[in-house]
$ cat data_5.cif   # mmCIF, C-alpha atoms
data_entry
loop_
_atom_site.label_atom_id
_atom_site.label_comp_id
_atom_site.auth_asym_id
_atom_site.auth_seq_id
_atom_site.Cartn_x
_atom_site.Cartn_y
_atom_site.Cartn_z
CA MET N 183 66.51 67.35 -21.71
CA GLU N 184 67.74 70.92 -21.93
CA ASN N 185 67.86 72.64 -25.27
CA ILE N 186 71.06 74.20 -26.57
CA VAL N 187 70.98 77.72 -27.97
CA LEU N 188 74.27 79.42 -28.78
CA ASP N 189 74.65 82.78 -30.47
CA GLY N 190 76.93 82.81 -33.48
CA THR N 191 80.29 84.60 -33.31
CA GLY N 192 82.92 85.43 -35.94
CA ARG N 193 84.45 82.01 -35.34
CA THR N 194 81.62 79.80 -34.09
CA PRO N 195 78.16 79.04 -35.48
CA TYR N 196 74.68 79.77 -34.21
CA VAL N 197 73.41 76.54 -32.68
CA SER N 198 69.86 75.62 -31.77
CA PHE N 199 69.16 72.06 -30.63
CA ASP N 200 65.53 71.75 -29.58
CA SER N 201 64.51 68.31 -28.32
CA GLN N 202 60.77 69.15 -27.99
CA ALA N 203 60.57 70.31 -31.59
CA GLY N 204 63.02 67.67 -32.84
CA LYS N 205 64.89 70.41 -34.64
CA LEU N 206 68.66 70.86 -34.79
CA GLU N 207 70.29 73.78 -36.53
CA ILE N 208 73.90 74.85 -37.06
CA SER N 209 74.34 78.09 -39.01
CA GLY N 210 77.02 80.61 -39.86
CA ARG N 211 80.74 80.07 -39.42
CA SER N 212 82.36 77.09 -37.84
CA ILE N 213 86.03 78.02 -37.83
CA PRO N 214 87.10 77.70 -34.18
CA GLU N 215 90.70 77.08 -33.26
CA ASN N 216 89.85 73.88 -31.48
CA SER N 217 86.65 72.48 -32.86
CA ILE N 218 86.40 69.49 -30.53
CA THR N 219 86.05 71.78 -27.50
CA PHE N 220 83.18 73.52 -29.25
CA TYR N 221 81.46 70.39 -30.54
CA LYS N 222 81.81 68.16 -27.45
CA PRO N 223 78.62 69.47 -25.75
CA LEU N 224 76.76 69.08 -29.05
CA PHE N 225 77.93 65.45 -29.35
CA ASP N 226 76.75 64.75 -25.80
CA TRP N 227 73.38 66.34 -26.52
CA VAL N 228 72.85 64.24 -29.65
CA ASP N 229 73.93 61.06 -27.82
CA ASN N 230 71.13 61.79 -25.33
CA TYR N 231 68.61 62.85 -27.93
CA VAL N 232 68.86 59.68 -30.02
CA GLN N 233 67.93 57.65 -26.92
CA SER N 234 64.43 59.13 -27.00
CA PRO N 235 63.99 61.08 -30.23
CA LYS N 236 60.90 62.69 -31.72
CA ASP N 237 59.16 60.75 -34.49
CA ASN N 238 60.42 63.34 -36.93
CA THR N 239 63.79 65.04 -36.63
CA THR N 240 64.89 67.95 -38.79
CA VAL N 241 68.56 68.85 -39.03
CA ILE N 242 69.69 72.05 -40.70
CA PHE N 243 73.21 72.96 -41.73
CA ASN N 244 73.32 76.50 -43.03
CA LEU N 245 77.03 77.26 -43.05
CA GLU N 246 79.00 80.02 -44.70
CA TYR N 247 82.42 78.66 -43.76
CA PHE N 248 83.77 75.68 -41.88
CA ASN N 249 87.39 74.69 -41.34
CA THR N 250 88.80 71.20 -41.80
CA SER N 251 88.85 70.61 -38.07
CA SER N 252 85.08 71.28 -37.98
CA SER N 253 84.48 68.99 -40.94
CA LYS N 254 85.48 66.00 -38.83
CA CYS N 255 83.07 67.14 -36.10
CA ILE N 256 80.23 67.58 -38.57
CA LEU N 257 80.85 64.06 -39.87
CA ASP N 258 80.86 62.69 -36.31
CA LEU N 259 77.60 64.52 -35.56
CA LEU N 260 75.99 63.01 -38.65
CA ARG N 261 77.28 59.55 -37.66
CA LYS N 262 75.54 59.90 -34.32
CA LEU N 263 72.32 60.79 -36.10
CA GLU N 264 72.53 57.61 -38.19
CA THR N 265 71.20 55.87 -35.07
CA LEU N 266 67.82 57.43 -35.88
CA LYS N 267 67.67 55.41 -39.05
CA ASP N 268 68.39 52.20 -37.14
CA THR N 269 65.42 52.96 -34.85
CA ASN N 270 63.19 53.89 -37.80
CA ASN N 271 62.74 57.51 -36.76
CA ALA N 272 62.22 59.87 -39.66
CA THR N 273 65.11 62.21 -40.20
CA GLU N 274 65.30 65.10 -42.59
CA ILE N 275 68.72 66.67 -43.10
CA LYS N 276 69.08 69.85 -45.10
CA TRP N 277 72.40 71.27 -46.26
CA TYR N 278 72.03 74.88 -47.41
CA PHE N 279 74.49 76.64 -49.70
CA ASP N 280 74.55 80.05 -51.36
CA GLU N 281 73.98 80.17 -55.09
CA GLY N 282 77.41 80.07 -56.72
CA ASP N 283 79.24 78.66 -53.67
CA GLU N 284 80.27 75.46 -55.40
CA ASP N 285 82.62 74.38 -52.61
CA MET N 286 79.83 74.41 -50.01
CA GLU N 287 77.61 72.46 -52.38
CA GLU N 288 80.43 69.97 -52.95
CA SER N 289 80.91 69.60 -49.19
CA GLY N 290 77.25 68.69 -48.80
CA ASN N 291 77.74 66.02 -51.43
CA ASP N 292 80.86 64.74 -49.66
CA PHE N 293 78.98 64.25 -46.40
CA LYS N 294 76.04 62.74 -48.24
CA SER N 295 78.29 60.07 -49.73
CA LEU N 296 79.95 59.29 -46.39
CA ILE N 297 76.87 58.68 -44.24
CA ASN N 298 73.93 56.35 -44.34
CA LEU N 299 71.31 59.12 -44.22
CA ASP N 300 69.86 61.20 -46.98
CA ILE N 301 70.99 64.82 -47.13
CA GLU N 302 68.95 67.27 -49.15
CA LEU N 303 71.05 69.97 -50.77
CA VAL N 304 69.19 73.26 -50.84
CA MET N 305 70.35 76.29 -52.78
CA LYS N 306 69.54 79.58 -51.06
CA MET B 492 113.94 109.13 -42.88
CA LEU B 493 112.64 105.82 -44.16
CA ASP B 494 111.26 106.15 -47.64
CA VAL B 495 107.66 105.27 -46.83
CA TYR B 496 106.44 106.25 -50.26
CA GLN B 497 108.78 103.69 -51.84
CA TYR B 498 107.29 100.97 -49.65
CA PHE B 499 103.82 102.16 -50.45
CA LYS B 500 104.43 102.20 -54.21
CA LYS B 501 106.03 98.76 -54.14
CA MET B 502 103.06 97.28 -52.32
CA ARG B 503 100.61 99.13 -54.53
CA ASP B 504 102.35 98.03 -57.74
CA GLU B 505 102.45 94.42 -56.59
CA SER B 506 98.75 94.62 -55.69
CA ILE B 507 99.31 93.50 -52.14
CA ILE B 508 96.01 93.27 -50.30
CA LEU B 509 97.45 92.24 -46.98
CA TYR B 510 100.95 91.92 -45.63
CA PHE B 511 101.85 90.84 -42.13
CA LYS B 512 105.04 89.76 -40.43
CA GLY B 513 105.22 88.72 -36.81
CA GLU B 514 103.87 86.23 -34.34
CA ILE B 515 100.42 84.91 -35.16
CA THR B 516 98.32 84.77 -32.00
CA ASN B 517 94.74 83.57 -31.75
CA ASN B 518 93.39 87.13 -31.35
CA LEU B 519 95.41 88.30 -34.30
CA LEU B 520 94.11 85.43 -36.38
CA THR B 521 90.54 86.56 -35.66
CA SER B 522 91.42 90.15 -36.60
CA ILE B 523 93.15 89.17 -39.84
CA LEU B 524 90.18 87.06 -40.89
CA GLN B 525 87.81 89.93 -40.17
CA LEU B 526 89.98 92.35 -42.08
CA ILE B 527 90.22 90.16 -45.15
CA ASP B 528 86.51 89.40 -44.94
CA ASP B 529 85.76 93.13 -45.15
CA LYS B 530 88.21 93.62 -48.00
CA LEU B 531 86.81 90.72 -50.01
CA GLU B 532 83.26 91.92 -49.35
CA ARG B 533 84.04 95.14 -51.21
CA LYS B 534 85.48 93.34 -54.24
CA SER B 535 83.31 92.47 -57.18
CA GLU B 536 84.47 88.86 -57.38
CA ALA B 537 82.20 85.85 -57.75
CA ILE B 538 81.06 84.44 -54.44
CA LYS B 539 82.96 81.19 -55.09
CA THR B 540 86.22 83.11 -55.51
CA LYS B 541 85.76 85.08 -52.29
CA ARG B 542 84.84 81.95 -50.35
CA LYS B 543 87.85 80.07 -51.74
CA VAL B 544 90.29 82.86 -50.83
CA PHE B 545 88.90 83.13 -47.31
CA SER B 546 88.81 79.37 -46.73
CA ILE B 547 92.35 78.82 -47.96
CA LEU B 548 93.66 81.75 -45.92
CA LEU B 549 91.92 80.33 -42.89
CA GLU B 550 93.53 76.89 -43.27
CA CYS B 551 96.96 78.43 -43.92
CA LEU B 552 96.75 80.61 -40.82
CA GLN B 553 95.44 77.85 -38.59
CA ASN B 554 98.22 75.57 -39.81
CA VAL B 555 100.86 78.14 -38.89
CA TYR B 556 99.18 78.93 -35.57
CA ASN B 557 98.76 75.30 -34.57
CA TYR B 558 102.30 74.48 -35.55
CA TYR B 559 103.73 77.12 -33.24
CA GLN B 560 101.38 76.09 -30.42
CA GLU B 561 102.77 72.59 -30.57
CA LYS B 562 106.43 73.49 -30.97
CA GLU B 563 107.27 76.31 -28.60
CA PHE B 564 110.66 76.99 -30.14
CA ASP B 565 113.24 78.19 -27.58
CA ASN B 566 114.42 80.96 -29.81
CA GLU B 567 111.79 83.73 -29.99
CA ARG B 568 113.07 84.63 -33.42
CA TYR B 569 111.49 81.47 -34.77
CA HIS B 570 107.99 82.49 -33.66
CA SER B 571 107.73 85.02 -36.41
CA ALA B 572 105.80 84.24 -39.58
CA ILE B 573 104.81 86.02 -42.76
CA LEU B 574 101.44 86.29 -44.41
CA MET B 575 100.68 87.96 -47.71
CA ILE B 576 97.69 88.14 -50.00
CA LYS B 577 98.13 89.64 -53.41
CA LYS B 578 96.03 89.90 -56.49
CA THR B 579 97.48 89.58 -59.97
CA ASP B 580 95.51 89.96 -63.19
CA ASN B 581 93.94 86.56 -63.09
CA ALA B 582 94.45 85.21 -59.58
CA TYR B 583 94.64 85.72 -55.84
CA HIS B 584 97.79 84.43 -54.20
CA ILE B 585 97.77 83.40 -50.56
CA VAL B 586 101.31 83.21 -49.25
CA THR B 587 102.53 82.13 -45.84
CA GLY B 588 106.00 81.48 -44.46
CA ASN B 589 107.14 80.15 -41.12
CA TYR B 590 110.10 78.51 -39.44
CA MET B 591 110.08 74.77 -39.13
CA ALA B 592 112.31 72.05 -37.65
CA ASN B 593 114.32 70.28 -40.35
CA THR B 594 113.23 66.91 -38.97
CA GLU B 595 109.64 67.61 -40.04
CA VAL B 596 110.32 68.61 -43.61
CA ALA B 597 110.26 65.14 -45.18
CA VAL B 598 106.77 64.21 -43.94
CA LEU B 599 105.28 67.55 -44.96
CA GLN B 600 106.97 67.52 -48.34
CA ASN B 601 105.54 64.05 -49.00
CA LYS B 602 102.04 65.33 -48.26
CA LEU B 603 102.48 68.33 -50.53
CA ASP B 604 103.94 66.26 -53.36
CA LYS B 605 101.13 63.76 -53.02
CA VAL B 606 98.33 66.35 -53.32
CA ASN B 607 100.16 68.01 -56.20
CA SER B 608 100.26 64.69 -58.06
CA LEU B 609 96.50 64.08 -57.82
CA SER B 610 93.76 65.06 -60.28
CA PRO B 611 90.66 66.89 -58.96
CA VAL B 612 88.72 63.62 -58.92
CA GLU B 613 91.50 61.85 -57.03
CA LEU B 614 91.77 64.75 -54.58
CA LYS B 615 88.07 64.51 -53.80
CA ALA B 616 88.39 60.80 -53.11
CA PHE B 617 91.53 61.32 -51.01
CA TYR B 618 89.82 64.09 -49.00
CA LYS B 619 86.90 61.84 -48.18
CA GLU B 620 89.21 58.96 -47.31
CA VAL B 621 91.23 61.09 -44.86
CA LEU B 622 88.11 62.74 -43.42
CA ASN B 623 86.60 59.32 -42.84
CA GLU B 624 89.62 57.63 -41.34
CA GLU B 625 91.92 60.21 -39.85
CA GLU B 626 92.32 60.00 -36.13
CA PHE B 627 91.02 63.16 -34.64
CA THR B 628 93.57 65.40 -32.96
CA GLY B 629 91.30 68.33 -32.18
CA SER B 630 93.26 70.78 -34.24
CA GLY B 631 92.36 68.97 -37.41
CA GLY B 632 95.61 67.45 -38.56
CA ALA B 633 97.65 69.14 -41.24
CA GLY B 634 96.88 66.40 -43.76
CA LEU B 635 93.23 67.28 -44.31
CA GLY B 636 94.01 71.01 -44.41
CA ILE B 637 96.49 70.61 -47.25
CA ILE B 638 94.13 68.41 -49.24
CA ASP B 639 91.31 70.91 -48.71
CA MET B 640 93.47 73.82 -49.88
CA ALA B 641 94.53 71.93 -52.98
CA ARG B 642 90.92 71.04 -53.76
CA LYS B 643 89.62 74.55 -53.35
CA SER B 644 92.53 76.07 -55.26
CA GLY B 645 92.35 73.67 -58.19
CA GLN B 646 96.00 74.57 -58.85
CA LYS B 647 99.30 73.06 -57.81
CA ILE B 648 100.54 74.27 -54.44
CA ASP B 649 103.93 76.01 -54.61
CA TYR B 650 106.25 75.53 -51.69
CA SER B 651 109.89 75.80 -50.67
CA PHE B 652 112.07 75.05 -47.67
CA ASP B 653 114.95 77.50 -47.25
CA ALA B 654 117.81 76.40 -45.01
CA VAL B 655 118.22 78.66 -41.97
CA SER B 656 120.41 76.70 -39.59
CA ASP B 657 121.44 73.11 -38.86
CA HIS B 658 118.09 72.55 -37.20
CA HIS B 659 115.67 74.94 -38.83
CA CYS B 660 114.41 75.98 -42.19
CA PHE B 661 111.88 78.49 -43.48
CA TYR B 662 108.80 76.90 -45.01
CA SER B 663 107.03 78.99 -47.66
CA LEU B 664 103.66 78.10 -49.12
CA GLN B 665 101.83 79.76 -52.00
CA VAL B 666 98.28 78.84 -52.96
CA LYS B 667 96.53 80.30 -55.95
CA VAL B 668 92.83 80.98 -56.56
CA LEU B 669 91.94 81.91 -60.12
CA ALA B 670 89.68 84.94 -60.28
#
$ encode --input "data_5.cif" --output "structure tokens"
Amino acid sequence: MENIVLDGTGRTPYVSFDSQAGKLEISGRSIPENSITFYKPLFDWVDNYVQSPKDNTTVIFNLEYFNTSSSKCILDLLRKLETLKDTNNATEIKWYFDEGDEDMEESGNDFKSLINLDIELVMK
Amino acid sequence: MLDVYQYFKKMRDESIILYFKGEITNNLLTSILQLIDDKLERKSEAIKTKRKVFSILLECLQNVYNYYQEKEFDNERYHSAILMIKKTDNAYHIVTGNYMANTEVAVLQNKLDKVNSLSPVELKAFYKEVLNEEEFTGSGGAGLGIIDMARKSGQKIDYSFDAVSDHHCFYSLQVKVLA
């Protein structure tokens, strides 16, 4: 399957979904006007990926800002990744936050408590 | 001649960081966010304060923008909104104001009163509940935005609805971030 690489903009994050490496990364700002339009191709990619995943999958969220409309998309993305647990594929999810950015740390904890996958909170 | 200096002094004395009145378009929204990002970058505030101000401003602006996208009021006059950011001794104040149909006031007021009645712990639980269950509309749904603002602010949200006509009012919102 084709990888996704998107450059970050002032409103949308850098995205790198690499199926060969089993590495998914979303970094920067996710504050688009309509987040579902932005995230739809990412959802489709993950739906495909979980059909034949790598033994080990690494997922990185390294966000500076995300709006509430993106938060729903991030949760949906994580829900799709829960499938990997059902199929016993190792998944490592890292949620980065800047030192002192307590809201971003809190958000990582929110997602952690809502999904059935472990999320490691990493202070930068 | 307009007394420009008077305007300048008034804005300076009230520590107004940003003041805008007019129609909020998507391009303008991007520009305003960039502008405030630059301004905050130069301030010696804690990172959490800067991030809170930016995040709350973002939700406020997207709420106003989305509202007007959905409504398309006949009267152009009603497309205009106000945005202000000011800094007092101990806090940043993010203020927005926009026209709204009277029929929508009750639902919004209920949401605002509800978040204002909740403790930080209850707000966190309510946020997660809405995030988990809310049907997705694409533009986020005003409910989650208000809860998020209240959480990040940690203060009560001030609001008012001023009567404008039989069908419209002016909705003002003021969110505080302690510095």
$ closest_atom_pairs --input "data_5.cif" --of "chain N" --to "chain B" --cutoff "8 Å" --atoms "all atoms listed in the file" --output "Markdown table"
| residue | atom | partner | partner_atom | distance |
| --- | --- | --- | --- | --- |
| N:Gly192 | CA | B:Thr521 | CA | 7.7 |
| N:Arg193 | CA | B:Thr521 | CA | 7.6 |
| N:Glu215 | CA | B:Ser630 | CA | 6.9 |
| N:Asn216 | CA | B:Ser630 | CA | 5.4 |
| N:Ser217 | CA | B:Gly629 | CA | 6.3 |
| N:Ile218 | CA | B:Gly629 | CA | 5.3 |
| N:Thr219 | CA | B:Gly629 | CA | 7.8 |
| N:Tyr247 | CA | B:Ser546 | CA | 7.1 |
| N:Phe248 | CA | B:Ser546 | CA | 7.9 |
| N:Asn249 | CA | B:Glu550 | CA | 6.8 |
| N:Thr250 | CA | B:Gly636 | CA | 5.8 |
| N:Ser251 | CA | B:Gly631 | CA | 3.9 |
| N:Ser252 | CA | B:Gly631 | CA | 7.7 |
| N:Ser253 | CA | B:Leu622 | CA | 7.6 |
| N:Lys254 | CA | B:Leu622 | CA | 6.2 |
| N:Gly282 | CA | B:Lys539 | CA | 5.9 |
| N:Asp283 | CA | B:Lys539 | CA | 4.7 |
| N:Glu284 | CA | B:Lys539 | CA | 6.3 |
| N:Asp285 | CA | B:Lys643 | CA | 7.0 |
| N:Asp292 | CA | B:Lys619 | CA | 6.9 |
| N:Leu296 | CA | B:Asn623 | CA | 7.5 |
$ closest_residue --input "data_5.cif" --among "N:Asn271, N:Ser209, N:Thr191, N:Asn291" --to "Pro235 of chain N" --atoms "all atoms listed in the file"
N:Asn271
$ resolve_selection --input "data_5.cif" --expression "the PyMOL selection byres ((chain N and resi 242) around 9)" --output "list of chain:residue names"
N:Lys205, N:Leu206, N:Glu207, N:Ile208, N:Ser209, N:Thr240, N:Val241, N:Phe243, N:Asn244, N:Glu274, N:Ile275, N:Lys276, N:Trp277, N:Tyr278
$ closest_residue --input "data_5.cif" --among "B:Glu505, B:Asp657, B:Glu514, B:Asp494" --to "Arg568 of chain B" --atoms "all atoms listed in the file"
B:Glu514
$ resolve_selection --input "data_5.cif" --expression "the PyMOL selection byres ((chain N and resi 265) around 12)" --output "PyMOL selection string"
chain N and resi 228-235+239+258-264+266-273+297-299
$ write_last_selection --input "data_5.cif" --atoms "C-alpha atoms" --output "compact mmCIF listing (two decimals), in the frame of the given file"
# COMPACT_ATOMS: atom_id res chain seq x y z
CA VAL N 228 72.85 64.24 -29.65
CA ASP N 229 73.93 61.06 -27.82
CA ASN N 230 71.13 61.79 -25.33
CA TYR N 231 68.61 62.85 -27.93
CA VAL N 232 68.86 59.68 -30.02
CA GLN N 233 67.93 57.65 -26.92
CA SER N 234 64.43 59.13 -27.00
CA PRO N 235 63.99 61.08 -30.23
CA THR N 239 63.79 65.04 -36.63
CA ASP N 258 80.86 62.69 -36.31
CA LEU N 259 77.60 64.52 -35.56
CA LEU N 260 75.99 63.01 -38.65
CA ARG N 261 77.28 59.55 -37.66
CA LYS N 262 75.54 59.90 -34.32
CA LEU N 263 72.32 60.79 -36.10
CA GLU N 264 72.53 57.61 -38.19
CA LEU N 266 67.82 57.43 -35.88
CA LYS N 267 67.67 55.41 -39.05
CA ASP N 268 68.39 52.20 -37.14
CA THR N 269 65.42 52.96 -34.85
CA ASN N 270 63.19 53.89 -37.80
CA ASN N 271 62.74 57.51 -36.76
CA ALA N 272 62.22 59.87 -39.66
CA THR N 273 65.11 62.21 -40.20
CA ILE N 297 76.87 58.68 -44.24
CA ASN N 298 73.93 56.35 -44.34
CA LEU N 299 71.31 59.12 -44.22
$ closest_residue --input "data_5.cif" --among "N:Asn185, N:Gln202, N:Ile256, N:Ile213" --to "Lys236 of chain N" --atoms "only C-alpha atoms"
N:Gln202
$ resolve_selection --input "data_5.cif" --expression "the PyMOL selection byres ((chain B and resi 588) around 8)" --output "number ranges by chain"
B: 572-574, 586-587, 589-590, 661-664
$ closest_residue --input "data_5.cif" --among "N:Met286, N:Ala203, N:Ile186, N:Leu303" --to "Asp226 of chain N" --atoms "only C-alpha atoms"
N:Ile186
$ residues_around --input "data_5.cif" --residues "Lys667 of chain B" --least-positions-apart "2" --cutoff "9 Å" --atoms "all atoms listed in the file" --output "list in words"
Val544, Ala582, Tyr583, His584, Ile585, Val586, Ser644, Gly645, Gln646, Lys647, Ile648, Asp649, Gln665 and Leu669 of chain B
$ atom_distance --input "data_5.cif" --atom1 "atom CA of Glu561 of chain B" --atom2 "atom CA of Thr594 of chain B"
14.6 Å
$ closest_residue --input "data_5.cif" --among "N:Leu257, N:Thr194, N:Glu246, N:Asp300" --to "Asp280 of chain N" --atoms "all atoms listed in the file"
N:Glu246
